[in-house]
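Have a look at data07.pdb; it's PDB, C-alpha atoms, pLDDT in the B column:
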MODEL        1
ATOM      1  CA  MET A 279       0.613 -61.023 -15.294  1.00 69.00           C
ATOM      2  CA  PRO A 280       3.151 -58.684 -13.815  1.00 74.00           C
ATOM      3  CA  PHE A 281       1.054 -56.076 -12.005  1.00 80.00           C
ATOM      4  CA  LEU A 282      -2.209 -57.962 -11.752  1.00 83.00           C
ATOM      5  CA  ASP A 283      -1.993 -60.891  -9.343  1.00 81.00           C
ATOM      6  CA  VAL A 284      -4.818 -62.911 -10.830  1.00 83.00           C
ATOM      7  CA  GLN A 285      -4.435 -65.906  -8.566  1.00 81.00           C
ATOM      8  CA  LYS A 286      -4.511 -63.906  -5.377  1.00 81.00           C
ATOM      9  CA  ARG A 287      -7.543 -61.961  -6.561  1.00 84.00           C
ATOM     10  CA  PHE A 288      -9.507 -65.122  -7.112  1.00 85.00           C
ATOM     11  CA  GLY A 289      -8.064 -66.880  -4.106  1.00 82.00           C
ATOM     12  CA  ILE A 290      -6.848 -69.881  -6.076  1.00 81.00           C
ATOM     13  CA  ASN A 291      -3.439 -71.470  -6.018  1.00 78.00           C
ATOM     14  CA  LEU A 292      -2.816 -73.254  -9.268  1.00 80.00           C
ATOM     15  CA  ASP A 293       0.957 -73.200  -9.482  1.00 79.00           C
ATOM     16  CA  GLY A 294       2.251 -71.553  -6.356  1.00 77.00           C
ATOM     17  CA  TRP A 295       3.356 -74.870  -4.968  1.00 79.00           C
ATOM     18  CA  TRP A 296       5.770 -75.776  -7.693  1.00 83.00           C
ATOM     19  CA  THR A 297       7.537 -72.524  -8.405  1.00 83.00           C
ATOM     20  CA  ILE A 298      10.034 -72.576  -5.544  1.00 84.00           C
ATOM     21  CA  GLN A 299      11.263 -75.164  -3.070  1.00 85.00           C
ATOM     22  CA  SER A 300      10.088 -73.125  -0.112  1.00 85.00           C
ATOM     23  CA  ALA A 301       6.445 -72.977  -1.179  1.00 84.00           C
ATOM     24  CA  GLU A 302       3.589 -74.439   0.822  1.00 82.00           C
ATOM     25  CA  GLN A 303       3.804 -78.232   0.635  1.00 83.00           C
ATOM     26  CA  PRO A 304       1.202 -80.856   1.504  1.00 82.00           C
ATOM     27  CA  TYR A 305       1.951 -82.502   4.868  1.00 86.00           C
ATOM     28  CA  LYS A 306       4.446 -79.684   5.433  1.00 87.00           C
ATOM     29  CA  PHE A 307       7.488 -81.667   4.285  1.00 87.00           C
ATOM     30  CA  PRO A 308      10.370 -79.197   3.978  1.00 87.00           C
ATOM     31  CA  ALA A 309      12.824 -79.309   1.138  1.00 85.00           C
ATOM     32  CA  ARG A 310      16.431 -80.068   1.936  1.00 87.00           C
ATOM     33  CA  CYS A 311      17.598 -76.526   1.243  1.00 88.00           C
ATOM     34  CA  HIS A 312      14.459 -74.797   2.445  1.00 90.00           C
ATOM     35  CA  ALA A 313      16.199 -72.484   4.910  1.00 90.00           C
ATOM     36  CA  PHE A 314      18.860 -71.350   2.465  1.00 91.00           C
ATOM     37  CA  GLU A 315      16.350 -70.670  -0.244  1.00 91.00           C
ATOM     38  CA  LYS A 316      14.144 -68.723   2.105  1.00 91.00           C
ATOM     39  CA  GLU A 317      17.049 -66.547   3.210  1.00 91.00           C
ATOM     40  CA  TRP A 318      18.115 -65.918  -0.345  1.00 91.00           C
ATOM     41  CA  ILE A 319      14.662 -64.984  -1.549  1.00 90.00           C
ATOM     42  CA  GLU A 320      14.109 -62.701   1.412  1.00 91.00           C
ATOM     43  CA  CYS A 321      17.395 -60.995   0.699  1.00 90.00           C
ATOM     44  CA  ALA A 322      16.969 -60.766  -3.051  1.00 88.00           C
ATOM     45  CA  HIS A 323      13.293 -59.959  -3.455  1.00 86.00           C
ATOM     46  CA  GLY A 324      12.355 -56.602  -4.867  1.00 84.00           C
ATOM     47  CA  ILE A 325      15.854 -55.409  -5.723  1.00 85.00           C
ATOM     48  CA  GLY A 326      17.131 -56.031  -9.221  1.00 85.00           C
ATOM     49  CA  THR A 327      19.624 -58.628 -10.366  1.00 87.00           C
ATOM     50  CA  ILE A 328      22.569 -56.233 -10.518  1.00 89.00           C
ATOM     51  CA  ARG A 329      22.108 -55.119  -6.940  1.00 89.00           C
ATOM     52  CA  GLU A 330      21.318 -58.636  -5.802  1.00 89.00           C
ATOM     53  CA  GLU A 331      24.544 -60.053  -7.146  1.00 89.00           C
ATOM     54  CA  LYS A 332      26.483 -57.634  -5.014  1.00 89.00           C
ATOM     55  CA  GLU A 333      24.456 -57.721  -1.836  1.00 88.00           C
ATOM     56  CA  CYS A 334      23.193 -61.273  -1.555  1.00 90.00           C
ATOM     57  CA  LYS A 335      26.320 -63.167  -2.510  1.00 91.00           C
ATOM     58  CA  ILE A 336      26.663 -64.921   0.823  1.00 90.00           C
ATOM     59  CA  GLU A 337      23.135 -66.302   0.855  1.00 91.00           C
ATOM     60  CA  TYR A 338      23.375 -67.295  -2.789  1.00 92.00           C
ATOM     61  CA  ASP A 339      26.647 -69.125  -2.266  1.00 92.00           C
ATOM     62  CA  ASP A 340      25.230 -71.039   0.653  1.00 92.00           C
ATOM     63  CA  PHE A 341      22.130 -71.960  -1.306  1.00 92.00           C
ATOM     64  CA  ILE A 342      24.083 -73.236  -4.287  1.00 93.00           C
ATOM     65  CA  GLU A 343      26.419 -75.128  -1.976  1.00 92.00           C
ATOM     66  CA  CYS A 344      23.456 -76.788  -0.311  1.00 91.00           C
ATOM     67  CA  ILE A 345      22.041 -77.908  -3.639  1.00 92.00           C
ATOM     68  CA  LEU A 346      25.186 -78.885  -5.513  1.00 93.00           C
ATOM     69  CA  ARG A 347      27.521 -79.631  -2.598  1.00 91.00           C
ATOM     70  CA  LYS A 348      30.546 -78.795  -4.680  1.00 92.00           C
ATOM     71  CA  LYS A 349      32.647 -77.410  -1.846  1.00 91.00           C
ATOM     72  CA  THR A 350      31.778 -80.323   0.421  1.00 90.00           C
ATOM     73  CA  MET A 351      32.767 -82.884  -2.169  1.00 92.00           C
ATOM     74  CA  LYS A 352      35.960 -80.979  -3.002  1.00 91.00           C
ATOM     75  CA  ARG A 353      36.884 -80.988   0.652  1.00 90.00           C
ATOM     76  CA  MET A 354      36.163 -84.689   1.028  1.00 90.00           C
ATOM     77  CA  ASP A 355      38.118 -85.348  -2.123  1.00 92.00           C
ATOM     78  CA  THR A 356      41.163 -83.546  -0.747  1.00 91.00           C
ATOM     79  CA  ILE A 357      40.966 -85.548   2.438  1.00 89.00           C
ATOM     80  CA  TRP A 358      40.621 -88.826   0.537  1.00 89.00           C
ATOM     81  CA  ARG A 359      43.586 -88.098  -1.702  1.00 91.00           C
ATOM     82  CA  GLN A 360      45.768 -87.189   1.241  1.00 90.00           C
ATOM     83  CA  ARG A 361      44.637 -90.295   3.078  1.00 89.00           C
ATOM     84  CA  LYS A 362      45.428 -92.530   0.108  1.00 89.00           C
ATOM     85  CA  LYS A 363      48.827 -90.909  -0.277  1.00 90.00           C
ATOM     86  CA  LEU A 364      49.666 -91.430   3.370  1.00 89.00           C
ATOM     87  CA  MET A 365      48.460 -95.013   3.303  1.00 87.00           C
ATOM     88  CA  LYS A 366      50.614 -95.756   0.265  1.00 89.00           C
ATOM     89  CA  GLU A 367      53.615 -94.267   1.949  1.00 87.00           C
ATOM     90  CA  GLY A 368      52.759 -96.286   5.009  1.00 83.00           C
ATOM     91  CA  LYS A 369      52.576 -93.363   7.382  1.00 79.00           C
ATOM     92  CA  TYR A 370      48.942 -93.748   8.289  1.00 78.00           C
ATOM     93  CA  THR A 371      46.746 -96.692   9.166  1.00 78.00           C
ATOM     94  CA  PRO A 372      43.078 -96.058   9.751  1.00 78.00           C
ATOM     95  CA  PRO A 373      41.755 -96.917  13.184  1.00 78.00           C
ATOM     96  CA  PRO A 374      39.688-100.118  13.460  1.00 74.00           C
ATOM     97  CA  HIS A 375      36.352 -98.405  13.461  1.00 73.00           C
ATOM     98  CA  HIS A 376      37.177 -96.971  10.052  1.00 75.00           C
ATOM     99  CA  MET A 377      38.118-100.365   8.638  1.00 75.00           C
ATOM    100  CA  GLY A 378      34.821-102.016   9.387  1.00 70.00           C
ATOM    101  CA  LYS A 379      35.854-103.608  12.667  1.00 71.00           C
ATOM    102  CA  GLY A 380      34.383-101.073  15.034  1.00 70.00           C
ATOM    103  CA  GLU A 381      32.336-102.010  18.027  1.00 72.00           C
ATOM    104  CA  PRO A 382      28.620-102.000  17.325  1.00 69.00           C
ATOM    105  CA  ARG A 383      26.812 -99.313  19.210  1.00 70.00           C
ATOM    106  CA  PRO A 384      23.119 -98.495  19.085  1.00 61.00           C
TER
ATOM    107  CA  MET B 577     -32.019-139.434 -70.062  1.00 50.00           C
ATOM    108  CA  THR B 578     -32.495-142.674 -68.375  1.00 53.00           C
ATOM    109  CA  ALA B 579     -31.043-143.135 -64.922  1.00 60.00           C
ATOM    110  CA  ALA B 580     -28.208-145.480 -65.474  1.00 67.00           C
ATOM    111  CA  LYS B 581     -27.037-147.643 -62.644  1.00 78.00           C
ATOM    112  CA  VAL B 582     -24.356-145.277 -61.320  1.00 83.00           C
ATOM    113  CA  LYS B 583     -23.023-145.478 -57.756  1.00 83.00           C
ATOM    114  CA  GLN B 584     -24.412-142.336 -56.145  1.00 83.00           C
ATOM    115  CA  ASP B 585     -24.550-141.125 -52.616  1.00 83.00           C
ATOM    116  CA  MET B 586     -28.129-141.688 -51.569  1.00 80.00           C
ATOM    117  CA  PRO B 587     -29.777-141.449 -48.135  1.00 77.00           C
ATOM    118  CA  PRO B 588     -29.895-144.656 -46.156  1.00 77.00           C
ATOM    119  CA  ALA B 589     -32.829-146.906 -46.402  1.00 76.00           C
ATOM    120  CA  GLY B 590     -35.776-145.618 -44.423  1.00 76.00           C
ATOM    121  CA  ASP B 591     -34.781-141.989 -44.598  1.00 78.00           C
ATOM    122  CA  TYR B 592     -33.150-139.937 -41.872  1.00 81.00           C
ATOM    123  CA  GLY B 593     -34.667-139.550 -38.429  1.00 81.00           C
ATOM    124  CA  PRO B 594     -36.539-136.388 -37.295  1.00 83.00           C
ATOM    125  CA  ILE B 595     -34.418-133.177 -36.831  1.00 84.00           C
ATOM    126  CA  ASP B 596     -35.383-130.891 -33.970  1.00 83.00           C
ATOM    127  CA  TYR B 597     -35.353-127.304 -35.021  1.00 85.00           C
ATOM    128  CA  LYS B 598     -37.728-125.908 -32.468  1.00 85.00           C
ATOM    129  CA  ARG B 599     -36.643-123.720 -29.534  1.00 83.00           C
ATOM    130  CA  ASN B 600     -35.361-125.858 -26.695  1.00 80.00           C
ATOM    131  CA  LEU B 601     -34.742-123.658 -23.667  1.00 80.00           C
ATOM    132  CA  LEU B 602     -34.347-125.415 -20.340  1.00 77.00           C
ATOM    133  CA  ARG B 603     -37.179-124.898 -17.940  1.00 79.00           C
ATOM    134  CA  ARG B 604     -35.119-125.239 -14.804  1.00 82.00           C
ATOM    135  CA  GLY B 605     -32.800-123.065 -12.695  1.00 79.00           C
ATOM    136  CA  LEU B 606     -33.293-119.609 -11.244  1.00 79.00           C
ATOM    137  CA  SER B 607     -35.043-116.958 -13.184  1.00 83.00           C
ATOM    138  CA  GLY B 608     -33.245-113.857 -14.392  1.00 86.00           C
ATOM    139  CA  TYR B 609     -34.512-111.529 -11.708  1.00 92.00           C
ATOM    140  CA  SER B 610     -33.573-113.825  -8.900  1.00 92.00           C
ATOM    141  CA  MET B 611     -30.059-114.272 -10.262  1.00 92.00           C
ATOM    142  CA  LEU B 612     -29.713-110.506 -10.383  1.00 95.00           C
ATOM    143  CA  ALA B 613     -30.962-110.234  -6.820  1.00 95.00           C
ATOM    144  CA  LEU B 614     -28.516-112.927  -5.732  1.00 95.00           C
ATOM    145  CA  GLY B 615     -25.579-111.077  -7.339  1.00 96.00           C
ATOM    146  CA  ILE B 616     -26.466-107.720  -5.893  1.00 97.00           C
ATOM    147  CA  GLY B 617     -27.113-109.252  -2.499  1.00 97.00           C
ATOM    148  CA  THR B 618     -23.687-110.874  -2.507  1.00 97.00           C
ATOM    149  CA  LEU B 619     -22.106-107.552  -3.464  1.00 97.00           C
ATOM    150  CA  LEU B 620     -23.818-105.684  -0.654  1.00 97.00           C
ATOM    151  CA  TYR B 621     -22.953-108.309   1.907  1.00 98.00           C
ATOM    152  CA  ARG B 622     -19.319-108.241   0.854  1.00 97.00           C
ATOM    153  CA  TYR B 623     -19.196-104.437   0.965  1.00 97.00           C
ATOM    154  CA  TRP B 624     -20.438-104.485   4.521  1.00 97.00           C
ATOM    155  CA  LYS B 625     -17.910-107.132   5.426  1.00 97.00           C
ATOM    156  CA  ILE B 626     -15.055-105.059   3.934  1.00 97.00           C
ATOM    157  CA  ILE B 627     -16.127-102.006   5.926  1.00 97.00           C
ATOM    158  CA  LYS B 628     -16.088-104.003   9.125  1.00 97.00           C
ATOM    159  CA  CYS B 629     -12.683-105.526   8.358  1.00 97.00           C
ATOM    160  CA  ASN B 630     -11.174-102.125   7.524  1.00 97.00           C
ATOM    161  CA  ARG B 631     -12.337-100.701  10.815  1.00 97.00           C
ATOM    162  CA  GLU B 632     -10.838-103.612  12.677  1.00 97.00           C
ATOM    163  CA  HIS B 633      -7.592-103.157  10.752  1.00 97.00           C
ATOM    164  CA  ARG B 634      -7.571 -99.490  11.667  1.00 97.00           C
ATOM    165  CA  ARG B 635      -7.974-100.338  15.340  1.00 97.00           C
ATOM    166  CA  LEU B 636      -4.998-102.716  15.196  1.00 97.00           C
ATOM    167  CA  GLN B 637      -2.965-100.081  13.376  1.00 97.00           C
ATOM    168  CA  ILE B 638      -3.714 -97.503  16.049  1.00 97.00           C
ATOM    169  CA  GLU B 639      -2.512 -99.985  18.630  1.00 97.00           C
ATOM    170  CA  ASP B 640       0.774-100.411  16.740  1.00 96.00           C
ATOM    171  CA  PHE B 641       1.222 -96.648  16.545  1.00 96.00           C
ATOM    172  CA  GLU B 642       0.555 -96.285  20.229  1.00 96.00           C
ATOM    173  CA  ALA B 643       3.461 -98.577  20.868  1.00 95.00           C
ATOM    174  CA  ARG B 644       5.774 -96.747  18.469  1.00 94.00           C
ATOM    175  CA  ILE B 645       5.054 -93.098  19.207  1.00 95.00           C
ATOM    176  CA  PRO B 646       6.169 -92.981  22.861  1.00 95.00           C
ATOM    177  CA  LEU B 647       9.434 -94.677  21.938  1.00 95.00           C
ATOM    178  CA  MET B 648      10.282 -92.212  19.176  1.00 94.00           C
ATOM    179  CA  PRO B 649      12.118 -89.689  21.406  1.00 95.00           C
ATOM    180  CA  LEU B 650      14.341 -92.491  22.647  1.00 94.00           C
ATOM    181  CA  PHE B 651      15.241 -93.617  19.139  1.00 91.00           C
ATOM    182  CA  GLN B 652      15.787 -90.066  17.986  1.00 92.00           C
ATOM    183  CA  ALA B 653      18.087 -89.378  20.920  1.00 93.00           C
ATOM    184  CA  GLU B 654      20.098 -92.524  20.176  1.00 91.00           C
ATOM    185  CA  THR B 655      20.416 -91.611  16.512  1.00 89.00           C
ATOM    186  CA  ASP B 656      21.533 -88.102  17.364  1.00 92.00           C
ATOM    187  CA  ARG B 657      24.151 -89.377  19.791  1.00 92.00           C
ATOM    188  CA  ARG B 658      25.430 -91.789  17.181  1.00 89.00           C
ATOM    189  CA  ILE B 659      25.681 -89.133  14.497  1.00 90.00           C
ATOM    190  CA  LEU B 660      27.522 -86.749  16.789  1.00 92.00           C
ATOM    191  CA  HIS B 661      29.899 -89.501  17.832  1.00 90.00           C
ATOM    192  CA  MET B 662      30.689 -90.344  14.221  1.00 89.00           C
ATOM    193  CA  LEU B 663      31.230 -86.701  13.316  1.00 90.00           C
ATOM    194  CA  ARG B 664      33.599 -86.323  16.244  1.00 90.00           C
ATOM    195  CA  GLU B 665      35.598 -89.390  15.169  1.00 88.00           C
ATOM    196  CA  ASN B 666      35.796 -88.096  11.615  1.00 88.00           C
ATOM    197  CA  LEU B 667      37.004 -84.730  12.850  1.00 89.00           C
ATOM    198  CA  GLU B 668      39.810 -86.318  14.837  1.00 89.00           C
ATOM    199  CA  GLU B 669      40.842 -88.501  11.913  1.00 87.00           C
ATOM    200  CA  GLU B 670      40.848 -85.498   9.649  1.00 88.00           C
ATOM    201  CA  ALA B 671      43.125 -83.698  12.062  1.00 88.00           C
ATOM    202  CA  ILE B 672      45.537 -86.631  11.962  1.00 87.00           C
ATOM    203  CA  ILE B 673      45.440 -87.045   8.194  1.00 86.00           C
ATOM    204  CA  MET B 674      45.747 -83.421   7.206  1.00 85.00           C
ATOM    205  CA  LYS B 675      48.302 -82.268   9.732  1.00 83.00           C
ATOM    206  CA  ASP B 676      51.056 -81.913   7.143  1.00 82.00           C
ATOM    207  CA  VAL B 677      48.975 -80.072   4.586  1.00 83.00           C
ATOM    208  CA  PRO B 678      49.706 -76.359   4.700  1.00 83.00           C
ATOM    209  CA  GLY B 679      46.802 -73.974   5.101  1.00 80.00           C
ATOM    210  CA  TRP B 680      44.202 -76.544   6.042  1.00 82.00           C
ATOM    211  CA  LYS B 681      41.695 -75.673   8.731  1.00 83.00           C
ATOM    212  CA  VAL B 682      40.427 -78.803  10.410  1.00 80.00           C
ATOM    213  CA  GLY B 683      36.661 -78.951  10.649  1.00 77.00           C
ATOM    214  CA  LYS B 684      36.121 -75.810   8.633  1.00 81.00           C
ATOM    215  CA  SER B 685      32.522 -75.467   7.593  1.00 81.00           C
ATOM    216  CA  VAL B 686      32.014 -74.797   3.900  1.00 82.00           C
ATOM    217  CA  TYR B 687      29.005 -72.628   4.616  1.00 85.00           C
ATOM    218  CA  ASN B 688      28.977 -69.010   5.742  1.00 84.00           C
ATOM    219  CA  THR B 689      26.262 -69.722   8.273  1.00 85.00           C
ATOM    220  CA  THR B 690      26.435 -71.435  11.615  1.00 84.00           C
ATOM    221  CA  ARG B 691      23.149 -73.286  11.636  1.00 86.00           C
ATOM    222  CA  TRP B 692      23.098 -77.015  12.147  1.00 87.00           C
ATOM    223  CA  LEU B 693      22.715 -78.943   8.917  1.00 87.00           C
ATOM    224  CA  PRO B 694      21.923 -82.662   8.997  1.00 87.00           C
ATOM    225  CA  PRO B 695      25.138 -84.314   7.846  1.00 88.00           C
ATOM    226  CA  LEU B 696      25.330 -86.054   4.511  1.00 86.00           C
ATOM    227  CA  LEU B 697      25.956 -89.767   4.308  1.00 85.00           C
ATOM    228  CA  VAL B 698      29.323 -89.048   2.752  1.00 84.00           C
ATOM    229  CA  GLU B 699      30.269 -86.854   5.688  1.00 85.00           C
ATOM    230  CA  LEU B 700      29.415 -89.555   8.184  1.00 85.00           C
ATOM    231  CA  TYR B 701      30.763 -92.577   6.373  1.00 86.00           C
ATOM    232  CA  GLY B 702      33.399 -90.966   4.192  1.00 84.00           C
ATOM    233  CA  LEU B 703      36.332 -92.568   5.902  1.00 84.00           C
ATOM    234  CA  ARG B 704      34.732 -95.953   6.342  1.00 84.00           C
ATOM    235  CA  PRO B 705      34.481 -98.896   3.949  1.00 82.00           C
ATOM    236  CA  LEU B 706      31.965 -98.569   1.157  1.00 83.00           C
ATOM    237  CA  GLU B 707      29.534-101.251   2.235  1.00 82.00           C
ATOM    238  CA  GLU B 708      28.823 -99.374   5.449  1.00 83.00           C
ATOM    239  CA  ARG B 709      27.706 -96.411   3.432  1.00 84.00           C
ATOM    240  CA  VAL B 710      25.589 -98.574   1.124  1.00 86.00           C
ATOM    241  CA  PHE B 711      23.989-100.232   4.134  1.00 84.00           C
ATOM    242  CA  ALA B 712      23.286 -96.878   5.732  1.00 86.00           C
ATOM    243  CA  ASN B 713      21.686 -95.712   2.504  1.00 86.00           C
ATOM    244  CA  ILE B 714      19.335 -98.693   2.552  1.00 86.00           C
ATOM    245  CA  MET B 715      18.582 -98.332   6.236  1.00 83.00           C
ATOM    246  CA  ARG B 716      17.680 -94.707   5.812  1.00 81.00           C
ATOM    247  CA  TYR B 717      14.509 -95.633   4.000  1.00 76.00           C
ATOM    248  CA  THR B 718      13.366 -98.568   6.130  1.00 68.00           C
TER
ENDMDL
END

Represent the supplied structure as structure tokens.
Amino acid sequence: MPFLDVQKRFGINLDGWWTIQSAEQPYKFPARCHAFEKEWIECAHGIGTIREEKECKIEYDDFIECILRKKTMKRMDTIWRQRKKLMKEGKYTPPPHHMGKGEPRP
Amino acid sequence: MTAAKVKQDMPPAGDYGPIDYKRNLLRRGLSGYSMLALGIGTLLYRYWKIIKCNREHRRLQIEDFEARIPLMPLFQAETDRRILHMLRENLEEEAIIMKDVPGWKVGKSVYNTTRWLPPLLVELYGLRPLEERVFANIMRYT
């Protein structure tokens, strides 16, 4: 209920652990994007959506990037395409440790 | 009607032997109560044995942990060094590959924050052959 926190009044926690990634977990295992989500929620809590979209854009972008990894994969994709192009033109050969012949190290 | 001499199925000569229809329970073996006592006694003995074996197993497991836990900082330090070394190599390769691309910042982080994030498998092994990445994926969970 919106203004009556029933679960806190009775001291029970039926669904608090599955609502967000940053909730209290058994054995304290953190989620992968725990820090980003925490920052975003702390920034966005209490203000409305309209204000949040303007003020919390940075935290939100980082959070979505952590989950979806779109920018990372786009960046890797650009590098791979350029690498393939250079290898086809013959201007670039990967060093041995990138061709599977590197020295084993611990 | 007179009984004619017809071939009929008649009992053999001298009639059949006696048929036993009376109750014929064996009077040997354990009684019911003692079989029950034997079963329950076996159960209890085995429960006790399992408890003892579990405790012994737990002692051996603690010994294994005591060997592993002091070595964990060493392994963690080695893993960290290896990851940093691989990231450094990838950064240098990226500088070589992308030097003709206009407007490319080598090593630019895609995040707006400067905290350390554990690198993805694709970031570490992106420029290496595929089976290294597959192997690393398996080794992550062993």

To test your reading of the syntax: which residues would the ChimeraX specification (/B :<8) & /A return for the file shown? Reply as a VMD selection string. chain A and resid 336 340 343 349 to 350 354 357 to 358 360 to 361 364 370 375 to 378 383 to 384

Just write the chosen residues, C-alpha atoms, as a JSON list (two decimals), in the frame of the given file.
[["chain", "number", "residue", "atom", "x", "y", "z"],
["A", 336, "ILE", "CA", 26.66, -64.92, 0.82],
["A", 340, "ASP", "CA", 25.23, -71.04, 0.65],
["A", 343, "GLU", "CA", 26.42, -75.13, -1.98],
["A", 349, "LYS", "CA", 32.65, -77.41, -1.85],
["A", 350, "THR", "CA", 31.78, -80.32, 0.42],
["A", 354, "MET", "CA", 36.16, -84.69, 1.03],
["A", 357, "ILE", "CA", 40.97, -85.55, 2.44],
["A", 358, "TRP", "CA", 40.62, -88.83, 0.54],
["A", 360, "GLN", "CA", 45.77, -87.19, 1.24],
["A", 361, "ARG", "CA", 44.64, -90.30, 3.08],
["A", 364, "LEU", "CA", 49.67, -91.43, 3.37],
["A", 370, "TYR", "CA", 48.94, -93.75, 8.29],
["A", 375, "HIS", "CA", 36.35, -98.40, 13.46],
["A", 376, "HIS", "CA", 37.18, -96.97, 10.05],
["A", 377, "MET", "CA", 38.12, -100.36, 8.64],
["A", 378, "GLY", "CA", 34.82, -102.02, 9.39],
["A", 383, "ARG", "CA", 26.81, -99.31, 19.21],
["A", 384, "PRO", "CA", 23.12, -98.50, 19.08]]

By how many Å are CA of Ala313 (chain A) and CA of Glu337 (chain A) apart?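 Between these atoms lies a distance of 10.1 Å.
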
Rounded to one decimal, what separation in Å do you get between CA of Asn600 (chain B) and CA of Leu612 (chain B)?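 Those two atoms sit 23.1 Å apart.
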
Give me the residues near region 299-312 of chain A as a PyMOL selection string, where near means some atom within 8 Å (using all atoms listed in the file) and where sequence neighbours in that chain fewer than 6 positions away do not count. chain A and resi 341+344-345

Next, write the just-selected residues to a file, as an mmCIF file, in the coordinates of the input, keeping C-alpha atoms as the atom set.
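So selection.cif came out as:
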data_model
loop_
_atom_site.group_PDB
_atom_site.id
_atom_site.type_symbol
_atom_site.label_atom_id
_atom_site.label_comp_id
_atom_site.auth_asym_id
_atom_site.auth_seq_id
_atom_site.Cartn_x
_atom_site.Cartn_y
_atom_site.Cartn_z
ATOM 1 C CA PHE A 341 22.130 -71.960 -1.306
ATOM 2 C CA CYS A 344 23.456 -76.788 -0.311
ATOM 3 C CA ILE A 345 22.041 -77.908 -3.639
#

At what distance in Å, to one decimal, does CA of Leu660 (chain B) lie from CA of Met715 (chain B)?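 Those two atoms sit 18.0 Å apart.
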
Produce region 627-638 of chain B of the given structure as output with N, CA, C and O atoms, as a short mmCIF file (atom, residue, chain, number, x, y, z; two decimals), in the first residue's frame.
data_model
loop_
_atom_site.label_atom_id
_atom_site.label_comp_id
_atom_site.auth_asym_id
_atom_site.auth_seq_id
_atom_site.Cartn_x
_atom_site.Cartn_y
_atom_site.Cartn_z
N ILE B 627 26.18 -40.59 11.69
CA ILE B 627 26.57 -39.38 12.40
C ILE B 627 28.07 -39.35 12.60
O ILE B 627 28.75 -38.34 12.37
N LYS B 628 28.61 -40.52 13.03
CA LYS B 628 30.05 -40.54 13.25
C LYS B 628 30.82 -40.28 11.96
O LYS B 628 31.80 -39.52 11.93
N CYS B 629 30.37 -40.89 10.85
CA CYS B 629 31.09 -40.72 9.59
C CYS B 629 31.01 -39.28 9.10
O CYS B 629 31.98 -38.74 8.57
N ASN B 630 29.85 -38.61 9.30
CA ASN B 630 29.74 -37.23 8.87
C ASN B 630 30.67 -36.34 9.65
O ASN B 630 31.28 -35.42 9.09
N ARG B 631 30.81 -36.61 10.95
CA ARG B 631 31.72 -35.78 11.73
C ARG B 631 33.16 -35.95 11.27
O ARG B 631 33.92 -34.98 11.17
N GLU B 632 33.50 -37.20 10.96
CA GLU B 632 34.86 -37.45 10.48
C GLU B 632 35.08 -36.73 9.15
O GLU B 632 36.14 -36.14 8.91
N HIS B 633 34.08 -36.80 8.29
CA HIS B 633 34.16 -36.13 6.99
C HIS B 633 34.34 -34.63 7.17
O HIS B 633 35.12 -33.98 6.47
N ARG B 634 33.62 -34.08 8.14
CA ARG B 634 33.72 -32.65 8.39
C ARG B 634 35.12 -32.29 8.87
O ARG B 634 35.67 -31.26 8.48
N ARG B 635 35.71 -33.15 9.68
CA ARG B 635 37.08 -32.87 10.15
C ARG B 635 38.04 -32.85 8.97
O ARG B 635 38.91 -31.98 8.86
N LEU B 636 37.92 -33.83 8.07
CA LEU B 636 38.80 -33.86 6.89
C LEU B 636 38.58 -32.63 6.02
O LEU B 636 39.53 -32.07 5.46
N GLN B 637 37.30 -32.20 5.91
CA GLN B 637 37.03 -31.04 5.08
C GLN B 637 37.65 -29.78 5.67
O GLN B 637 38.17 -28.93 4.93
N ILE B 638 37.61 -29.68 7.00
CA ILE B 638 38.22 -28.51 7.63
C ILE B 638 39.72 -28.50 7.36
O ILE B 638 40.34 -27.46 7.13
#
